[in-house]
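Everything on this sheet refers to the single structure shown next.
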Amino acid sequence: MLIFLASISAVIWQANRSNLNDENTLARIQRTGRIRIGFANEKPFGYLDTKTDKVTGEAPEIARHILKKLGVSDIEPVVADFGSLIPGLKAKRFDIIAAGMYITPDRGKEIAFSNPTYAIGESFIVLAGNPLDLHSYEDVRDNPEARIGVMGGSIELKYAEDLGVDESQIAVFADYASALQGLKGDQIDAVAATFLTVKDLLKKQDSAAIEQVADFRDPVINGKETRGFGAFGFRRQDVALQERFNEELAKFIGSPEHLELVKPFDFDESTLPGDVTAKELIEAP
């Protein structure tokens, strides 16, 4: 009798373990109430507020709102270099990228995206007076003496490459603090970043030695002026999580509650993504 009961227990344990192994990410986070999110410590998209020791920014705050709707309230943030976010997601170091990552066709081959939560343009930081008169990526390309600094894995690197900036004119940095040091140290002539990142970096630096480029011209690729559409990243197999996340995003983005939530990070009506979907951006030529 004892042997029989032990056998039944073993079968039940094995079945439970099999069910857990078959459990998708959405089911797991709803069962446990816990999830890990990856971010790159970049203001205003996702960063650690050293005063409160809390991860905040446009993406983490939206993630908290949406995940709460899914029944998940215990969020563990995982910091990574921007260029390590996609590999980290695929390696299951975390379950969602919450870093305001732009949706691009190349990235869409590796991971899935939510529909976008914002749309913004680009900008440069240069030395005071803009010595080389740089107002676009094309200006860098057309001046062999000009050197541009970008963050590893960023869309700015792809913009520079797509627009024909020579590899010798591009310096890749691990973070923007290093890039600004490179600018001040005459290693580069401009730091490329999103418009909002540039605003935040200059506010934090509070230095008369550097400035934001006036009259910046966003890159024109395939005859179309580009804007960056930021979103959350998921593993491609996590279809159920992506779809539920999108359902809640559709109800939230553009609402008064959403605009109030992202206002401290300089997002507003002008940065709303409109009706553009991740599918359209991934399938763009």
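Within each chain, counting starts at residue 1; across the structure tokens, chains are named A, B, ... in the order shown, with ligands numbered 1 upward in that order.
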
Leaving out Lys109 (chain A) and any residue of its chain fewer than 6 positions from it, which residues lie within 12 Å of it when counting only C-alpha atoms, given as a list in words?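 So, after excluding close chain neighbours, the residues are Ile86, Ile103, Gly233, Phe234, Arg235, Arg236, Lys279, Leu281, Ile282 and Glu283 of chain A.
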
Could the residues in this selection be saved with C-alpha atoms as an mmCIF file, in the first residue's frame?
```
data_model
loop_
_atom_site.group_PDB
_atom_site.id
_atom_site.type_symbol
_atom_site.label_atom_id
_atom_site.label_comp_id
_atom_site.auth_asym_id
_atom_site.auth_seq_id
_atom_site.Cartn_x
_atom_site.Cartn_y
_atom_site.Cartn_z
ATOM 1 C CA ILE A 86 18.376 42.030 -26.327
ATOM 2 C CA ILE A 103 11.308 49.409 -32.834
ATOM 3 C CA GLY A 233 10.586 44.192 -25.831
ATOM 4 C CA PHE A 234 9.554 40.551 -25.361
ATOM 5 C CA ARG A 235 10.964 37.170 -26.277
ATOM 6 C CA ARG A 236 9.444 36.093 -29.592
ATOM 7 C CA LYS A 279 4.021 45.355 -37.038
ATOM 8 C CA LEU A 281 7.512 49.480 -38.087
ATOM 9 C CA ILE A 282 9.068 46.009 -38.208
ATOM 10 C CA GLU A 283 7.839 45.402 -41.743
#
```

Using only C-alpha atoms, find each residue in region 150-258 of chain A having at least one atom no more than 9 Å away from region 116-130 of chain A; report its shortest atom-to-atom pair and that distance in Å (one decimal), rows by chain then rising number, as JSON lines.
```
{"residue": "A:Glu156", "atom": "CA", "partner": "A:Glu122", "partner_atom": "CA", "distance": 8.4}
{"residue": "A:Leu180", "atom": "CA", "partner": "A:Ile125", "partner_atom": "CA", "distance": 8.4}
{"residue": "A:Leu183", "atom": "CA", "partner": "A:Val126", "partner_atom": "CA", "distance": 7.3}
{"residue": "A:Lys184", "atom": "CA", "partner": "A:Leu127", "partner_atom": "CA", "distance": 7.4}
{"residue": "A:Asp189", "atom": "CA", "partner": "A:Val126", "partner_atom": "CA", "distance": 6.2}
{"residue": "A:Ala190", "atom": "CA", "partner": "A:Val126", "partner_atom": "CA", "distance": 4.7}
{"residue": "A:Val191", "atom": "CA", "partner": "A:Ile125", "partner_atom": "CA", "distance": 5.0}
{"residue": "A:Ala192", "atom": "CA", "partner": "A:Phe124", "partner_atom": "CA", "distance": 4.7}
{"residue": "A:Ala193", "atom": "CA", "partner": "A:Ser123", "partner_atom": "CA", "distance": 5.8}
{"residue": "A:Thr194", "atom": "CA", "partner": "A:Glu122", "partner_atom": "CA", "distance": 4.3}
{"residue": "A:Phe195", "atom": "CA", "partner": "A:Glu122", "partner_atom": "CA", "distance": 4.7}
{"residue": "A:Leu196", "atom": "CA", "partner": "A:Ile120", "partner_atom": "CA", "distance": 7.9}
{"residue": "A:Thr197", "atom": "CA", "partner": "A:Ser123", "partner_atom": "CA", "distance": 8.7}
{"residue": "A:Val198", "atom": "CA", "partner": "A:Ser123", "partner_atom": "CA", "distance": 6.6}
{"residue": "A:Leu201", "atom": "CA", "partner": "A:Ile125", "partner_atom": "CA", "distance": 9.0}
{"residue": "A:Leu202", "atom": "CA", "partner": "A:Ile125", "partner_atom": "CA", "distance": 8.2}
{"residue": "A:Ala208", "atom": "CA", "partner": "A:Ala128", "partner_atom": "CA", "distance": 6.9}
{"residue": "A:Ala209", "atom": "CA", "partner": "A:Ala128", "partner_atom": "CA", "distance": 5.2}
{"residue": "A:Ile210", "atom": "CA", "partner": "A:Leu127", "partner_atom": "CA", "distance": 4.3}
{"residue": "A:Glu211", "atom": "CA", "partner": "A:Ala128", "partner_atom": "CA", "distance": 5.5}
{"residue": "A:Gln212", "atom": "CA", "partner": "A:Ile125", "partner_atom": "CA", "distance": 4.7}
{"residue": "A:Val213", "atom": "CA", "partner": "A:Phe124", "partner_atom": "CA", "distance": 5.5}
{"residue": "A:Ala214", "atom": "CA", "partner": "A:Ser123", "partner_atom": "CA", "distance": 8.8}
{"residue": "A:Phe216", "atom": "CA", "partner": "A:Ser123", "partner_atom": "CA", "distance": 6.1}
{"residue": "A:Arg217", "atom": "CA", "partner": "A:Ser123", "partner_atom": "CA", "distance": 8.0}
{"residue": "A:Asp218", "atom": "CA", "partner": "A:Glu122", "partner_atom": "CA", "distance": 5.9}
{"residue": "A:Pro219", "atom": "CA", "partner": "A:Glu122", "partner_atom": "CA", "distance": 8.1}
{"residue": "A:Thr226", "atom": "CA", "partner": "A:Gly121", "partner_atom": "CA", "distance": 7.4}
{"residue": "A:Arg227", "atom": "CA", "partner": "A:Gly121", "partner_atom": "CA", "distance": 4.9}
{"residue": "A:Gly228", "atom": "CA", "partner": "A:Ile120", "partner_atom": "CA", "distance": 5.3}
{"residue": "A:Phe229", "atom": "CA", "partner": "A:Ala119", "partner_atom": "CA", "distance": 4.4}
{"residue": "A:Gly230", "atom": "CA", "partner": "A:Pro116", "partner_atom": "CA", "distance": 5.3}
{"residue": "A:Ala231", "atom": "CA", "partner": "A:Pro116", "partner_atom": "CA", "distance": 4.5}
{"residue": "A:Phe232", "atom": "CA", "partner": "A:Pro116", "partner_atom": "CA", "distance": 7.6}
{"residue": "A:Leu249", "atom": "CA", "partner": "A:Thr117", "partner_atom": "CA", "distance": 8.0}
{"residue": "A:Ile253", "atom": "CA", "partner": "A:Thr117", "partner_atom": "CA", "distance": 6.5}
{"residue": "A:Gly254", "atom": "CA", "partner": "A:Thr117", "partner_atom": "CA", "distance": 8.8}
```

From region 100-268 of chain A, collect each residue whose DSSP state is strand (DSSP E or B) and return the set as a ChimeraX atom specification. /A:100-102,112-113,118-120,122-127,148-151,170-173,190-194,210-212,220-221,224-225,228-234

Can you list, as JSON, numbers by chain, every protein, DNA or RNA residue that comes within 7 Å of Met151 (chain A) when you count only C-alpha atoms, leaving out same-chain residues fewer than 3 positions away? {"A": [154, 172, 173, 174, 175, 176]}

At a cut-off of 10 Å, using only C-alpha atoms, what residues contact Glu243 (chain A)? Leave out same-chain residues fewer than 6 positions from it and give the result as an mmCIF file with N, CA, C and O atoms, in the first residue's frame.
```
data_model
loop_
_atom_site.group_PDB
_atom_site.id
_atom_site.type_symbol
_atom_site.label_atom_id
_atom_site.label_comp_id
_atom_site.auth_asym_id
_atom_site.auth_seq_id
_atom_site.Cartn_x
_atom_site.Cartn_y
_atom_site.Cartn_z
ATOM 1 N N LEU A 26 3.525 34.528 -19.373
ATOM 2 C CA LEU A 26 2.352 35.215 -18.833
ATOM 3 C C LEU A 26 1.748 34.429 -17.674
ATOM 4 O O LEU A 26 1.457 35.001 -16.613
ATOM 5 N N PHE A 113 7.970 43.134 -30.085
ATOM 6 C CA PHE A 113 7.747 44.439 -29.453
ATOM 7 C C PHE A 113 6.273 44.653 -29.156
ATOM 8 O O PHE A 113 5.400 44.158 -29.872
ATOM 9 N N SER A 114 6.026 45.426 -28.106
ATOM 10 C CA SER A 114 4.684 45.967 -27.907
ATOM 11 C C SER A 114 4.456 47.039 -28.952
ATOM 12 O O SER A 114 5.387 47.448 -29.660
ATOM 13 N N ASN A 115 3.234 47.506 -29.072
ATOM 14 C CA ASN A 115 3.011 48.699 -29.876
ATOM 15 C C ASN A 115 3.684 49.883 -29.185
ATOM 16 O O ASN A 115 3.893 49.860 -27.963
ATOM 17 N N LEU A 249 -2.130 48.372 -23.043
ATOM 18 C CA LEU A 249 -1.529 49.603 -23.575
ATOM 19 C C LEU A 249 -2.534 50.387 -24.410
ATOM 20 O O LEU A 249 -2.586 51.619 -24.334
#
```

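The space between CA of Gln187 (chain A) and CA of Asn143 (chain A) spans 15.6 Å.
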
Need the shell around region 47-56 of chain A: protein/DNA/RNA residues with any atom at most 10 Å away, counting only C-alpha atoms. Skip same-chain ones fewer than 5 positions apart. Format as a PyMOL selection string? chain A and resi 39-42+61-64+75-79+98-99+265

So which bits of region 20-232 of chain A end up helix (DSSP H, G or I) when you DSSP the backbone, as a ChimeraX atom specification? /A:20-22,25-32,58-69,82-90,105-108,137-141,155-162,167-169,176-184,195-205

Can you work out which one of A:Leu163, A:Ile97, A:Ala59, A:Val150 has the shortest atom-to-atom distance to Gly223 (chain A), counting only C-alpha atoms? A:Leu163

Which one is closest to Leu132 (chain A): A:Glu260, A:Asp200, A:Glu145, A:Asp162? Count only C-alpha atoms. A:Glu145
